[in-house]
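Dumped coords.txt below, it's compact mmCIF, C-alpha atoms:
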```
# COMPACT_ATOMS: atom_id res chain seq x y z
CA MET A 1 61.07 129.77 129.75
CA ASP A 2 64.45 128.00 129.97
CA ARG A 3 63.81 127.25 133.62
CA ARG A 4 60.26 125.94 133.08
CA LEU A 5 61.20 123.70 130.15
CA THR A 6 64.26 122.35 131.92
CA LYS A 7 62.29 121.45 135.03
CA ARG A 8 59.44 119.93 133.03
CA MET A 9 61.68 117.79 130.81
CA ALA A 10 63.87 116.69 133.73
CA SER A 11 60.76 115.46 135.54
CA TRP A 12 59.88 112.94 132.81
CA GLN A 13 59.92 109.58 134.54
CA GLU A 14 58.77 107.23 131.76
CA PRO A 15 61.23 104.28 132.07
CA VAL A 16 61.31 103.38 128.36
CA LEU A 17 61.94 106.99 127.35
CA HIS A 18 64.59 107.40 130.04
CA ARG A 19 66.44 104.22 128.92
CA THR A 20 66.20 105.22 125.26
CA LEU A 21 67.54 108.71 125.87
CA SER A 22 70.35 107.35 128.05
CA ALA A 23 71.34 104.81 125.38
CA VAL A 24 71.39 107.47 122.66
CA GLU A 25 73.47 109.80 124.83
CA GLU A 26 75.94 107.02 125.59
CA GLY A 27 76.28 106.35 121.87
CA ALA A 28 76.73 110.03 121.09
CA GLU A 29 79.41 110.45 123.79
CA SER A 30 82.75 111.19 122.10
CA SER A 31 80.88 111.12 118.76
CA LYS A 32 80.88 107.29 118.67
CA LEU A 33 77.40 107.18 117.14
CA TRP A 34 78.29 109.57 114.32
CA CYS A 35 81.64 107.91 113.57
CA GLY A 36 79.85 104.57 113.43
CA ALA A 37 77.21 105.98 111.09
CA ALA A 38 79.95 107.45 108.88
CA ALA A 39 81.73 104.08 108.73
CA VAL A 40 78.50 102.31 107.72
CA MET A 41 77.81 104.96 105.06
CA ALA A 42 81.33 104.82 103.67
CA TRP A 43 81.40 101.01 103.64
CA GLY A 44 77.93 100.35 102.25
CA GLY A 45 76.97 103.49 100.36
CA GLY A 46 79.47 103.60 97.52
CA GLY A 47 80.61 107.02 96.35
CA ARG A 48 77.52 108.72 97.70
CA GLY A 49 78.08 107.14 101.11
CA ARG A 50 81.74 108.15 101.22
CA LYS A 51 80.88 111.72 100.24
CA ALA A 52 78.16 111.87 102.91
CA ALA A 53 80.47 110.38 105.55
CA VAL A 54 83.30 112.83 104.83
CA ALA A 55 80.94 115.82 104.84
CA GLY A 56 79.32 114.64 108.08
CA LEU A 57 82.61 114.10 109.89
CA ALA A 58 84.04 117.41 108.65
CA ALA A 59 80.97 119.30 109.84
CA LEU A 60 81.00 117.44 113.17
CA THR A 61 84.66 118.35 113.70
CA LEU A 62 84.04 122.01 112.92
CA ALA A 63 81.00 122.09 115.21
CA GLN A 64 82.99 120.54 118.06
CA LEU A 65 85.80 123.07 117.59
CA VAL A 66 83.39 126.00 117.58
CA SER A 67 81.12 124.83 120.41
CA ASN A 68 83.66 123.27 122.77
CA GLY A 69 86.83 125.07 121.74
CA VAL A 70 85.47 128.59 121.42
CA CYS A 71 81.92 129.16 122.69
CA LYS A 72 82.18 127.21 125.94
CA GLN A 73 85.46 128.95 126.76
CA VAL A 74 83.92 132.38 126.23
CA SER A 75 80.47 131.89 127.76
CA ASN A 76 81.20 129.97 130.99
CA ARG A 77 77.47 129.49 131.68
CA PRO A 78 76.67 127.28 134.69
CA ARG A 79 74.66 124.08 134.21
CA PRO A 80 71.03 123.98 135.42
CA PRO A 81 70.89 123.82 139.23
CA GLU A 82 70.95 120.30 140.65
CA GLU A 83 67.82 120.90 142.70
CA TRP A 84 65.84 121.24 139.45
CA ILE A 85 66.76 117.72 138.36
CA PRO A 86 64.86 114.99 140.25
CA HIS A 87 66.97 112.04 139.09
CA ASP A 88 70.53 110.79 139.51
CA GLU A 89 71.79 111.62 136.00
CA VAL A 90 72.54 115.13 137.22
CA GLU A 91 75.60 113.69 138.98
CA ASP A 92 77.14 112.56 135.66
CA ARG A 93 77.13 115.87 133.85
CA PRO A 94 80.36 117.58 132.85
CA ASP A 95 81.97 120.50 134.66
CA SER A 96 82.39 122.56 131.48
CA SER A 97 80.20 125.48 130.48
CA SER A 98 76.61 124.69 129.63
CA PHE A 99 76.49 126.98 126.56
CA PRO A 100 76.20 125.71 123.86
CA SER A 101 75.45 121.98 123.81
CA GLY A 102 78.41 120.32 122.10
CA HIS A 103 76.52 117.02 121.79
CA THR A 104 73.71 118.76 119.94
CA ALA A 105 76.10 120.77 117.78
CA ALA A 106 77.86 117.57 116.68
CA ALA A 107 74.62 115.66 116.07
CA VAL A 108 73.01 118.43 114.02
CA ALA A 109 76.21 119.18 112.10
CA PHE A 110 76.69 115.55 111.10
CA THR A 111 73.06 115.10 110.13
CA ALA A 112 72.74 118.37 108.20
CA ALA A 113 75.97 117.72 106.29
CA VAL A 114 74.88 114.20 105.29
CA VAL A 115 71.44 115.19 103.95
CA PRO A 116 72.58 116.91 100.70
CA SER A 117 74.65 113.89 99.65
CA TRP A 118 72.33 111.13 100.84
CA ARG A 119 68.90 112.28 101.92
CA ALA A 120 67.69 108.93 103.30
CA ALA A 121 70.78 108.46 105.47
CA GLY A 122 70.54 112.04 106.70
CA MET A 123 66.89 111.59 107.61
CA ALA A 124 67.74 108.37 109.46
CA CYS A 125 70.42 110.28 111.40
CA GLY A 126 67.84 112.93 112.25
CA VAL A 127 66.08 110.62 114.71
CA PRO A 128 69.03 110.04 117.05
CA ALA A 129 70.11 113.68 116.57
CA ALA A 130 66.73 114.86 117.86
CA LEU A 131 66.90 112.38 120.74
CA VAL A 132 70.36 113.68 121.69
CA ALA A 133 68.97 117.23 121.85
CA VAL A 134 66.06 116.15 124.05
CA GLU A 135 68.32 114.05 126.30
CA ARG A 136 70.68 116.95 126.99
CA VAL A 137 67.82 118.88 128.61
CA GLN A 138 66.09 115.89 130.20
CA SER A 139 69.32 114.80 131.91
CA GLY A 140 69.89 118.26 133.37
CA ALA A 141 73.10 118.81 131.43
CA HIS A 142 71.73 121.80 129.48
CA TYR A 143 69.05 124.42 129.24
CA PRO A 144 66.87 124.37 126.09
CA SER A 145 68.61 127.55 124.91
CA ASP A 146 71.96 125.72 125.10
CA VAL A 147 70.53 123.01 122.86
CA ALA A 148 69.10 125.58 120.44
CA ALA A 149 72.46 127.33 120.25
CA GLY A 150 74.19 123.97 119.71
CA ALA A 151 71.79 123.22 116.87
CA ALA A 152 72.57 126.61 115.31
CA VAL A 153 76.31 125.92 115.56
CA GLY A 154 75.71 122.52 113.94
CA LEU A 155 73.68 123.97 111.07
CA LEU A 156 76.26 126.69 110.45
CA SER A 157 79.08 124.14 110.51
CA ALA A 158 77.30 121.93 107.97
CA TRP A 159 76.65 124.93 105.74
CA LEU A 160 80.27 126.04 105.91
CA VAL A 161 81.57 122.55 105.10
CA ARG A 162 79.28 122.40 102.06
CA HIS A 163 79.94 125.92 100.75
CA LEU A 164 83.40 127.13 101.77
CA PRO A 165 85.34 124.70 99.53
CA GLN A 166 83.28 125.80 96.51
CA GLN A 167 83.86 129.47 97.34
CA ALA A 168 87.58 128.87 97.79
CA LEU A 169 87.79 127.13 94.40
CA ARG A 170 85.97 130.02 92.70
CA MET A 171 88.36 132.51 94.26
CA TRP A 172 91.37 130.36 93.31
CA ARG A 173 90.33 130.31 89.66
```

Entire entry expressed as structure tokens:
Amino acid sequence: MDRRLTKRMASWQEPVLHRTLSAVEEGAESSKLWCGAAAVMAWGGGGRGRKAAVAGLAALTLAQLVSNGVCKQVSNRPRPPEEWIPHDEVEDRPDSSSFPSGHTAAAVAFTAAVVPSWRAAGMACGVPAALVAVERVQSGAHYPSDVAAGAAVGLLSAWLVRHLPQQALRMWR
């Protein structure tokens, strides 16, 4: 199934979709998109925006540490074969392990951590987060299972950021 979905998504040739996905990926590179969203939330959202921004960035950081610092080092899964990808974006993909998708982990972590503090902002972040996940497969950088695993890492990271401090405070008391 991974192979079929990867080949099918990589074959999408719609120019508007391709440009949109490329622009979102460029923004998400090095978490620029999420840091920018956090700055806008903190600047314009008052206390709620600052709380959402801090939670989002904390979850993003944890997701990056887990996905890129641990999982990729352990799994060492090769990227989809170049011959499956009929466009030139395959030449720009990283040399690191394919599993899990760090871009997706960061996008989902940020979005899922923002939602409890500021639902509308979190929902707005959900659109580019979903596009990042799609782009990672369409560009040939990841298999769909890499993206799914990245999303799981992101959700777990957001949950931990929301719940571990409360648990620690209860234990401290």

How far is it from atom CA of Asp92 of chain A to atom CA of Gly122 of chain A, in Å with one decimal?
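Spanning atom CA of Asp92 of chain A to atom CA of Gly122 of chain A is a straight-line distance of 29.7 Å.
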
Choose the residue, out of A:Ala158, A:Ala130, A:Val66, A:Ala121, that has the smallest atom-to-atom separation from Gly44 of chain A; count all atoms listed in the file.
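Among A:Ala158, A:Ala130, A:Val66, A:Ala121, it is A:Ala121 that comes nearest to Gly44 of chain A.
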
What's the 8 Å shell around segment 5-14 of chain A, counting only C-alpha atoms, without same-chain residues fewer than 3 positions away, as a PyMOL selection string?
chain A and resi 1-2+17-18+80+84-87+137-140+142-144

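Once Val74 of chain A and its same-chain neighbours fewer than 3 positions away are set aside, Val66, Ser67, Asn68, Gly69, Val70, Cys71, Arg77, Ser96, Ser97, Ser98, Phe99 and Pro100 of chain A remain within 12 Å of it when counting only C-alpha atoms.
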
Give the padded box for segment 1-18 of chain A as AutoDock Vina command-line options: axis-aligned, covering all atoms listed in the file, 8 Å on each side, centre and edge lengths in Å to one decimal.
```
--center_x 61.7 --center_y 116.6 --center_z 131.4 --size_x 21.8 --size_y 42.4 --size_z 24.2
```

Can you tell me which residues surround Glu25 of chain A at a distance of at most 12 Å, considering only C-alpha atoms, apart from same-chain residues fewer than 4 positions away, and format the answer as a VMD selection string?
chain A and resid 18 to 21 29 to 34 89 92 to 93 102 to 104 107 128 to 139 141

At a cut-off of 10 Å, using only C-alpha atoms, what residues contact Met41 of chain A? Leave out same-chain residues fewer than 3 positions from it and give the result as a VMD selection string.
chain A and resid 35 to 38 44 to 54 114 118 121

Smallest atom-to-atom distance to Leu160 of chain A: which of A:Gly56, A:Gly126, A:Pro94, A:Pro78, using all atoms listed in the file?
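When distances to Leu160 of chain A are compared using all atoms listed in the file, the smallest one comes from A:Gly56.
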
Please report the interatomic distance between atom CA of Ala109 of chain A and atom CA of Trp172 of chain A in Å with one decimal.
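A separation of 26.6 Å between them.
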
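Closest approach to Ser101 of chain A from the set A:Ala113, A:Cys125, A:Ala59, A:Val147 is made by A:Val147, with distances taken over all atoms listed in the file.
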
Could you write segment 96-112 of chain A as a PDB file, in the coordinates of the input, with N, CA and C atoms rebuilt where they are missing?
```pdb
ATOM      1  N   SER A  96      82.178 121.463 132.430  1.00  0.00           N
ATOM      2  CA  SER A  96      82.390 122.560 131.480  1.00  0.00           C
ATOM      3  C   SER A  96      81.164 123.459 131.398  1.00  0.00           C
ATOM      4  N   SER A  97      81.292 124.535 130.669  1.00  0.00           N
ATOM      5  CA  SER A  97      80.200 125.480 130.480  1.00  0.00           C
ATOM      6  C   SER A  97      79.008 124.795 129.825  1.00  0.00           C
ATOM      7  N   SER A  98      77.844 125.256 130.164  1.00  0.00           N
ATOM      8  CA  SER A  98      76.610 124.690 129.630  1.00  0.00           C
ATOM      9  C   SER A  98      76.325 125.182 128.204  1.00  0.00           C
ATOM     10  N   PHE A  99      76.838 126.330 127.834  1.00  0.00           N
ATOM     11  CA  PHE A  99      76.490 126.980 126.560  1.00  0.00           C
ATOM     12  C   PHE A  99      77.621 126.938 125.574  1.00  0.00           C
ATOM     13  N   PRO A 100      77.366 126.427 124.374  1.00  0.00           N
ATOM     14  CA  PRO A 100      76.200 125.710 123.860  1.00  0.00           C
ATOM     15  C   PRO A 100      76.365 124.206 124.079  1.00  0.00           C
ATOM     16  N   SER A 101      75.367 123.436 123.697  1.00  0.00           N
ATOM     17  CA  SER A 101      75.450 121.980 123.810  1.00  0.00           C
ATOM     18  C   SER A 101      76.342 121.430 122.700  1.00  0.00           C
ATOM     19  N   GLY A 102      77.502 120.912 123.082  1.00  0.00           N
ATOM     20  CA  GLY A 102      78.410 120.320 122.100  1.00  0.00           C
ATOM     21  C   GLY A 102      77.860 119.037 121.503  1.00  0.00           C
ATOM     22  N   HIS A 103      77.140 118.247 122.307  1.00  0.00           N
ATOM     23  CA  HIS A 103      76.520 117.020 121.790  1.00  0.00           C
ATOM     24  C   HIS A 103      75.525 117.358 120.682  1.00  0.00           C
ATOM     25  N   THR A 104      74.705 118.374 120.935  1.00  0.00           N
ATOM     26  CA  THR A 104      73.710 118.760 119.940  1.00  0.00           C
ATOM     27  C   THR A 104      74.372 119.356 118.711  1.00  0.00           C
ATOM     28  N   ALA A 105      75.386 120.179 118.909  1.00  0.00           N
ATOM     29  CA  ALA A 105      76.100 120.770 117.780  1.00  0.00           C
ATOM     30  C   ALA A 105      76.661 119.676 116.866  1.00  0.00           C
ATOM     31  N   ALA A 106      77.291 118.667 117.464  1.00  0.00           N
ATOM     32  CA  ALA A 106      77.860 117.570 116.680  1.00  0.00           C
ATOM     33  C   ALA A 106      76.780 116.776 115.953  1.00  0.00           C
ATOM     34  N   ALA A 107      75.697 116.460 116.663  1.00  0.00           N
ATOM     35  CA  ALA A 107      74.620 115.660 116.070  1.00  0.00           C
ATOM     36  C   ALA A 107      73.966 116.385 114.901  1.00  0.00           C
ATOM     37  N   VAL A 108      73.660 117.660 115.083  1.00  0.00           N
ATOM     38  CA  VAL A 108      73.010 118.430 114.020  1.00  0.00           C
ATOM     39  C   VAL A 108      73.978 118.666 112.864  1.00  0.00           C
ATOM     40  N   ALA A 109      75.223 118.957 113.164  1.00  0.00           N
ATOM     41  CA  ALA A 109      76.210 119.180 112.100  1.00  0.00           C
ATOM     42  C   ALA A 109      76.356 117.937 111.221  1.00  0.00           C
ATOM     43  N   PHE A 110      76.530 116.794 111.860  1.00  0.00           N
ATOM     44  CA  PHE A 110      76.690 115.550 111.100  1.00  0.00           C
ATOM     45  C   PHE A 110      75.466 115.301 110.232  1.00  0.00           C
ATOM     46  N   THR A 111      74.302 115.385 110.837  1.00  0.00           N
ATOM     47  CA  THR A 111      73.060 115.100 110.130  1.00  0.00           C
ATOM     48  C   THR A 111      72.833 116.068 108.973  1.00  0.00           C
ATOM     49  N   ALA A 112      72.985 117.362 109.236  1.00  0.00           N
ATOM     50  CA  ALA A 112      72.740 118.370 108.200  1.00  0.00           C
ATOM     51  C   ALA A 112      73.748 118.289 107.061  1.00  0.00           C
TER      52      ALA A 112
END
```
